[in-house]
Structures are given as C-alpha cells and as structure tokens.
Amino acid sequence: MFQTGILKTKLKFIKMNQGESDFDIPVPWFLIKHPAGNIVIDGGNAIEAAIDKRAHWGAVVDAYDPVMEVSENCADQCRSVGVDPGSVRYVLQSHLHLDHTGAIGHFPNAQIICQRAEYDYAFNPHWFARGAYIRADFDRPGLNWKLLGGEYTDNYDLFGDGAVRMIFTPGHAPGHQSFLITLPKTGPVLLTIDAAYTLDHWENKALPGLVHSSADAANSVAKLRRIASDTNAMVVTGHDPDNWQTFLKAPHDFYD
Ligand SMILES: [Zn+2]
C-alpha cells in the first residue's frame, strides 16, 4: 500500500453538502506481486502534479490541491521496493480521475485495464466532472488498453485464480470498479477505491462530493457491503485519512 502524498480539499468536496471545513485526504495506490506478473492499481497522482500542479491540473487545484514530492511518483516508489517498472504486467484502473492516473504511461510493458464506460466518458465528461479528468494522463500514444464491457463488466478475474477480481461499482464515476484481492495469508482484501471514499461513505452517512449518479453510488456501496460480509474481507476505503492510518504501508510493511 503506497500513497502519492495528499490532496488538501474541503469536506464538501469529499462528503456531499457537509460544509467548508478543511479536509486533507491521502492518495493511495497499490502494488501486487503475483507469480504471473506484477500489478499496479491506480498509481495515484501523475508525477506532473509534483512538478507543476497548476500547469498539469488547471483550476481544479483550487478544489483539490495535491501536495506531493517528485519522489512519490509510482514508478520510483516501485523501484524503492525492488520492482522494476518494466516488470509490471498490468495497470488496473479503478477509474480515470486525476488522482488515480499516475501509472498510465510509466510501465512500458503493462497492459492497462479499465472499464470501457469509464474510458469513453473520460474523453467527453459532463461539465461538472470535467476538472477531474486530465486528458494528458490517459490520452497518450502507444498505450496498450484492455477495456472491459459486456459480459466482462463485472467480476472479471484477472488470472482466473480468484486472486484479483474487479467489481463493477459505478456511481462516483460511470465506469468505476473496485477490487477484491485474495492474498495467501491475509485472505480477502476489498479495495473499495472511490466507491467508498471514507468509512462515512461505507456506513451510508455520506454521498461523494463528486458524483455521477448518487443512486448508483448507493447501490455500489450496498453491493460491496454484501461482498465484504460474504467474504469477511478487510475493507480499505479510498481516501479516509483515519482508516488509511491503520494499514501496513510500503516501503517498510506489506500484506502477504
Ligand atoms: Zn475519483
């Protein structure tokens, strides 16, 4: 479990209609070592957010201000734990918002897996979501995309061994997906990503501050809660400053 710094924001931009108080959130991402190939999930902010955030992100910095060192980019953090970016076989995208696209284009041999609904929307978002999609992050030449849809929309099992499953959880974004990871010793770990930003979202006390469909978002939380209950998974919410503190963090600690 890694993070690329924090976003300084206001409570209302994370929890709908819950006020103007300052709220700092971590920007998590994940590295999985699997015998069939290394996997990066999301990758946090792009390195450009550490170099010149306003040039790369534009006015959205006024709502979500990234505080990140250049050294926190996901490729260098992989190197810090002995993982060569060239060895990463898959980059899995929960969705394509700006604090999740840092891996795209930085793992030269990786296939990038995303929902087709999310990919298509990212090129033509509604006005209210436009600031969250940085086209320069995902509209690059030479990328190897695999876009999920149709019968492969939900519960796609990456290796066919149950280790990495993608769970379709639209709402926060139209093609959002979460991840159910089953580790040999730890067991099931449910990465809600932004289907539940925080435990308040998980417990139906908040809707996302940025949302495509509130009804879908509520249905997706209900779906993930059923999965967590059925599997007894460890639940990792997307951006909860307190919940995130409780987990073992790279580069020093990890789950096996
Ligand atoms: Zn998001």
# chains A, B, ... in the order shown; residues from 1 in each chain; ligands from 1

$ select_by_dssp --residues "stretch 136-238 of chain A" --states "strand (DSSP E)" --output "PyMOL selection string"
chain A and resi 144-148+156-157+164-168+177-183+187-193+234-237

$ select_by_dssp --residues "stretch 11-199 of chain A" --states "helix (DSSP H, G or I)" --output "ChimeraX atom specification"
/A:11-14,48-51,53-62,70-72,74-80,85-87,116-122,127-132,135-138,150-152,194-196,199

$ residues_near_ligand --ligand "ligand 1" --cutoff "12 Å" --atoms "only C-alpha atoms and all ligand atoms" --output "VMD selection string"
chain A and resid 13 to 14 27 to 28 42 44 to 45 64 93 to 101 118 122 129 to 133 169 to 178 192 to 197 208 to 212 217 238 to 239

$ atom_distance --atom1 "atom CA of A:Asp256" --atom2 "atom CA of A:Trp145"
28.3 Å

$ residues_around --residues "A:Leu199" --least-positions-apart "2" --cutoff "10 Å" --atoms "only C-alpha atoms" --output "number ranges by chain"
A: 196-197, 201-206, 235-243

$ residues_around --residues "A:Ala233" --least-positions-apart "6" --cutoff "8 Å" --atoms "only C-alpha atoms" --output "list of chain:residue names"
A:Gly187, A:Pro188, A:Val189, A:Leu190, A:Ile227

$ atom_distance --atom1 "atom CA of A:Val61" --atom2 "atom CA of A:Ile112"
26.2 Å

$ closest_residue --among "A:Leu11, A:Ile113, A:Ile25, A:Ala136" --to "A:Gly58" --atoms "only C-alpha atoms"
A:Ala136

$ atom_distance --atom1 "atom CA of A:Ile181" --atom2 "atom CA of A:Arg225"
15.1 Å

$ residues_around --residues "A:Phe254" --least-positions-apart "5" --cutoff "7 Å" --atoms "only C-alpha atoms" --output "ChimeraX atom specification"
/A:1,248-249

$ write_last_selection --atoms "N, CA and C atoms" --output "PDB file, in the first residue's frame"
ATOM      1  N   MET A   1       0.854  -1.181   0.000  1.00  0.00           N
ATOM      2  CA  MET A   1       0.000   0.000   0.000  1.00  0.00           C
ATOM      3  C   MET A   1       0.889   1.230   0.000  1.00  0.00           C
ATOM      4  N   LEU A 248      -0.846  -1.453   7.107  1.00  0.00           N
ATOM      5  CA  LEU A 248       0.594  -1.602   6.899  1.00  0.00           C
ATOM      6  C   LEU A 248       0.958  -0.940   5.576  1.00  0.00           C
ATOM      7  N   LYS A 249       1.977  -0.099   5.606  1.00  0.00           N
ATOM      8  CA  LYS A 249       2.307   0.701   4.441  1.00  0.00           C
ATOM      9  C   LYS A 249       3.688   0.359   3.884  1.00  0.00           C
TER      10      LYS A 249
END

$ closest_residue --among "A:Leu180, A:Ala250, A:Cys114, A:Ala75" --to "A:Asp157" --atoms "only C-alpha atoms"
A:Leu180

$ residues_around --residues "A:His56" --least-positions-apart "5" --cutoff "9 Å" --atoms "only C-alpha atoms" --output "ChimeraX atom specification"
/A:48-49,51,134,136

$ residues_around --residues "A:Asn109" --least-positions-apart "4" --cutoff "12 Å" --atoms "only C-alpha atoms" --output "JSON, numbers by chain"
{"A": [37, 38, 39, 84, 85, 86, 87, 88, 89, 90, 91, 103, 104, 105, 142, 143, 144, 145]}

$ closest_residue --among "A:Pro141, A:Gly102, A:Gly150, A:Gly5" --to "A:Gln115" --atoms "only C-alpha atoms"
A:Gly150

$ closest_residue --among "A:Asn232, A:Thr198, A:Thr246, A:Gln77" --to "A:Thr182" --atoms "only C-alpha atoms"
A:Asn232
